[in-house]
Amino acid sequence: MKTTKLIYFLRKKFPKKNSLKKDYLGLQIGRFKKNTNKIAICLDFNSNVLKKIIHKNVDLVITHHPFIYGDFDNVIQKDWLKKKLVNKIEKLKIPIYSIHTNFDCSDEGMNVILAKKLGLKNIQKIKENKIIRGGTLKYSMTIKNFAKYVKKKLKIPHVYILKNNNKEIKKVAICAGSGADMFQIAQNNNYDIFCSGDAPQHIRNSIKNYKYNYLELFHEIEKVFIYAMKKIINKIDNKIKIYCIDEQRYPEII
Ligand SMILES: [Zn+2]
């Protein structure tokens, strides 16, 4: 299909104005080809992904996380491995395009997909925030049972919980990725628990001080992007060949 048509469609569906501030989405490197018939989709572009696609003649790589997060020169100056990868991909002339927080904030995007997988009802945005989604479980449960429920529903090997009150869990707010510092927004909107990721110790401590409940989802949960994007693109044109490169593994807990 004509690349201009594909990109027009994606930009319309996931407009830049819906992204969070200071994001680096869009074309990361290279130039679009005139036609795009083979696409690889991944969470992050890295040498593993390159190995898997190198002989597949793809016209475009779509990532969720921006390959160049920040000023181009700065990024490759700080990361020699990335610099090597940039050189390789420039030689191969494969463009990399990222759909990031414009996907996370969308009603067809990350947090709605995860909320649906959790079986939440009445999924909605939170007034002052465009990325978090909240909803209600069919029945309330203890936080430990909720953690087991999440593992089963999202098919993930582990989560961890911060249980700081004895409330049963019924109203759930979710923001995959590095959203832990937004826990107060969920708390102020009367959600019983906030599910997010990448919580550093000072945030965990703050959650404890506010006597709130939190469930940590590893950031890799965002790999749902790969399969969601495949569906979306194949809806535009089902002849486009899509390679889902799901090479990220959850950390091993010993
Ligand atoms: Zn992320």
# chains A, B, ... in the order shown; residues from 1 in each chain; ligands from 1
>>> residues_around(residues="A:Glu216", least_positions_apart="6", cutoff="8 Å", atoms="only C-alpha atoms", output="VMD selection string")
chain A and resid 159 to 161 195 to 199
>>> write_last_selection(atoms="N, CA and C atoms", output="compact mmCIF listing (two decimals), in the first residue's frame")
# COMPACT_ATOMS: atom_id res chain seq x y z
N VAL A 159 3.68 -10.30 39.48
CA VAL A 159 3.40 -8.88 39.73
C VAL A 159 3.87 -8.68 41.18
N TYR A 160 3.95 -7.47 41.67
CA TYR A 160 4.06 -7.34 43.13
C TYR A 160 3.06 -6.31 43.60
N ILE A 161 2.73 -6.44 44.89
CA ILE A 161 1.72 -5.54 45.42
C ILE A 161 2.27 -4.75 46.60
N CYS A 195 -2.72 0.24 39.22
CA CYS A 195 -1.81 -0.72 38.60
C CYS A 195 -0.93 0.05 37.62
N SER A 196 0.36 0.00 37.84
CA SER A 196 1.26 0.71 36.92
C SER A 196 2.61 0.03 36.93
N GLY A 197 3.67 0.78 36.60
CA GLY A 197 4.98 0.14 36.52
C GLY A 197 6.12 1.06 36.86
N ASP A 198 7.31 0.47 36.97
CA ASP A 198 8.57 1.18 37.20
C ASP A 198 8.55 2.05 38.46
N ALA A 199 7.94 1.54 39.53
CA ALA A 199 7.88 2.35 40.77
C ALA A 199 9.21 2.32 41.50
>>> residues_near_ligand(ligand="ligand 1", cutoff="8 Å", atoms="only C-alpha atoms and all ligand atoms", output="list in words")
His64, His65, His100, Ala176, Gly177, Ser178, His219, Glu220 and Glu222 of chain A
>>> write_last_selection(atoms="N, CA and C atoms", output="PDB file, in the first residue's frame")
ATOM      1  N   HIS A  64       6.860   0.661  19.712  1.00  0.00           N
ATOM      2  CA  HIS A  64       6.078   1.443  20.667  1.00  0.00           C
ATOM      3  C   HIS A  64       6.996   2.494  21.302  1.00  0.00           C
ATOM      4  N   HIS A  65       8.073   2.056  21.916  1.00  0.00           N
ATOM      5  CA  HIS A  65       8.992   3.023  22.535  1.00  0.00           C
ATOM      6  C   HIS A  65       9.847   3.696  21.466  1.00  0.00           C
ATOM      7  N   HIS A 100       3.774   6.075  20.367  1.00  0.00           N
ATOM      8  CA  HIS A 100       4.058   5.911  21.791  1.00  0.00           C
ATOM      9  C   HIS A 100       2.887   6.352  22.664  1.00  0.00           C
ATOM     10  N   ALA A 176      -0.179   1.427  32.203  1.00  0.00           N
ATOM     11  CA  ALA A 176       1.010   0.604  31.981  1.00  0.00           C
ATOM     12  C   ALA A 176       2.222   1.488  31.726  1.00  0.00           C
ATOM     13  N   GLY A 177       3.398   0.928  31.896  1.00  0.00           N
ATOM     14  CA  GLY A 177       4.631   1.698  31.684  1.00  0.00           C
ATOM     15  C   GLY A 177       5.056   2.390  32.958  1.00  0.00           C
ATOM     16  N   SER A 178       5.742   3.518  32.798  1.00  0.00           N
ATOM     17  CA  SER A 178       6.274   4.211  33.984  1.00  0.00           C
ATOM     18  C   SER A 178       5.271   5.207  34.532  1.00  0.00           C
ATOM     19  N   HIS A 219       7.050  -3.456  32.946  1.00  0.00           N
ATOM     20  CA  HIS A 219       6.865  -2.599  31.766  1.00  0.00           C
ATOM     21  C   HIS A 219       6.660  -3.439  30.494  1.00  0.00           C
ATOM     22  N   GLU A 220       7.209  -4.657  30.523  1.00  0.00           N
ATOM     23  CA  GLU A 220       7.083  -5.550  29.353  1.00  0.00           C
ATOM     24  C   GLU A 220       5.636  -5.884  29.016  1.00  0.00           C
ATOM     25  N   GLU A 222       3.583  -4.057  28.130  1.00  0.00           N
ATOM     26  CA  GLU A 222       3.205  -3.219  26.987  1.00  0.00           C
ATOM     27  C   GLU A 222       3.367  -3.920  25.648  1.00  0.00           C
TER      28      GLU A 222
END
>>> select_by_dssp(residues="stretch 20-243 of chain A", states="strand (DSSP E or B)", output="PyMOL selection string")
chain A and resi 26-29+35+38-42+60-63+96-98+121-126+129-141+160-162+169-174+193-196+214-216+241-243
>>> atom_distance(atom1="atom CA of A:Arg133", atom2="atom CA of A:Gln28")
28.1 Å
>>> closest_residue(among="A:Ile236, A:Leu85, A:Ile99, A:Val61", to="A:Arg11", atoms="only C-alpha atoms")
A:Ile99
>>> residues_around(residues="A:Pro95", least_positions_apart="2", cutoff="8 Å", atoms="only C-alpha atoms", output="mmCIF file with N, CA and C atoms, in the first residue's frame")
data_model
loop_
_atom_site.group_PDB
_atom_site.id
_atom_site.type_symbol
_atom_site.label_atom_id
_atom_site.label_comp_id
_atom_site.auth_asym_id
_atom_site.auth_seq_id
_atom_site.Cartn_x
_atom_site.Cartn_y
_atom_site.Cartn_z
ATOM 1 N N LEU A 27 8.530 9.409 13.003
ATOM 2 C CA LEU A 27 9.669 8.834 12.281
ATOM 3 C C LEU A 27 10.957 9.060 13.083
ATOM 4 N N GLN A 28 11.631 7.970 13.398
ATOM 5 C CA GLN A 28 12.821 8.036 14.244
ATOM 6 C C GLN A 28 14.102 8.105 13.426
ATOM 7 N N ILE A 29 14.091 7.368 12.340
ATOM 8 C CA ILE A 29 15.300 7.267 11.537
ATOM 9 C C ILE A 29 14.916 6.790 10.142
ATOM 10 N N GLY A 30 15.678 7.203 9.140
ATOM 11 C CA GLY A 30 15.438 6.747 7.769
ATOM 12 C C GLY A 30 14.340 7.530 7.081
ATOM 13 N N ARG A 31 14.023 7.057 5.894
ATOM 14 C CA ARG A 31 12.960 7.683 5.098
ATOM 15 C C ARG A 31 11.931 6.639 4.743
ATOM 16 N N PHE A 32 10.680 7.060 4.715
ATOM 17 C CA PHE A 32 9.628 6.127 4.314
ATOM 18 C C PHE A 32 9.859 5.682 2.879
ATOM 19 N N LYS A 33 9.505 4.418 2.597
ATOM 20 C CA LYS A 33 9.539 3.957 1.211
ATOM 21 C C LYS A 33 8.228 4.383 0.551
ATOM 22 N N ASP A 59 9.649 -3.126 4.902
ATOM 23 C CA ASP A 59 9.645 -1.745 4.405
ATOM 24 C C ASP A 59 9.590 -0.741 5.548
ATOM 25 N N LEU A 60 9.187 -1.233 6.714
ATOM 26 C CA LEU A 60 8.986 -0.322 7.846
ATOM 27 C C LEU A 60 9.053 -1.113 9.157
ATOM 28 N N VAL A 61 9.644 -0.481 10.164
ATOM 29 C CA VAL A 61 9.578 -1.049 11.517
ATOM 30 C C VAL A 61 8.741 -0.086 12.352
ATOM 31 N N ILE A 89 21.218 0.235 10.593
ATOM 32 C CA ILE A 89 19.863 0.455 10.072
ATOM 33 C C ILE A 89 19.883 1.519 8.968
ATOM 34 N N LYS A 93 18.641 1.002 5.196
ATOM 35 C CA LYS A 93 17.582 1.938 4.767
ATOM 36 C C LYS A 93 16.178 1.487 5.189
ATOM 37 N N TYR A 97 9.485 3.868 12.857
ATOM 38 C CA TYR A 97 8.406 4.804 13.187
ATOM 39 C C TYR A 97 7.832 4.398 14.555
#
>>> closest_residue(among="A:Tyr212, A:Phe225, A:Tyr149, A:Phe67", to="A:Cys244", atoms="only C-alpha atoms")
A:Phe225
>>> select_by_dssp(residues="stretch 92-225 of chain A", states="helix (DSSP H, G or I)", output="PyMOL selection string")
chain A and resi 92+101-104+110-117+143-154+180-188+201-209+219-225
>>> residues_around(residues="A:Pro200", least_positions_apart="5", cutoff="12 Å", atoms="only C-alpha atoms", output="number ranges by chain")
A: 178-181, 205-207, 216
>>> write_last_selection(atoms="N, CA and C atoms", output="tab-separated table (two decimals), in the first residue's frame")
chain	number	residue	atom	x	y	z
A	178	SER	N	5.74	3.52	32.80
A	178	SER	CA	6.27	4.21	33.98
A	178	SER	C	5.27	5.21	34.53
A	179	GLY	N	4.20	4.69	35.12
A	179	GLY	CA	3.15	5.62	35.56
A	179	GLY	C	3.00	5.69	37.07
A	180	ALA	N	3.85	4.96	37.80
A	180	ALA	CA	3.65	4.81	39.25
A	180	ALA	C	3.49	6.14	39.98
A	181	ASP	N	4.21	7.18	39.52
A	181	ASP	CA	4.16	8.45	40.23
A	181	ASP	C	2.80	9.17	40.11
A	205	ASN	N	7.48	4.37	48.79
A	205	ASN	CA	7.39	4.92	50.14
A	205	ASN	C	6.23	5.91	50.23
A	206	SER	N	6.08	6.72	49.19
A	206	SER	CA	5.00	7.70	49.17
A	206	SER	C	3.63	7.00	49.15
A	207	ILE	N	3.53	5.93	48.38
A	207	ILE	CA	2.26	5.17	48.32
A	207	ILE	C	1.92	4.64	49.73
A	216	GLU	N	2.25	-3.55	40.88
A	216	GLU	CA	3.28	-3.28	39.87
A	216	GLU	C	3.20	-4.30	38.74
>>> closest_residue(among="A:Met229, A:Val150, A:Leu10, A:Asn46", to="A:Lys83", atoms="only C-alpha atoms")
A:Asn46
>>> closest_residue(among="A:Asn189, A:Asn102, A:Asn213, A:Asn234", to="A:Lys17", atoms="only C-alpha atoms")
A:Asn102
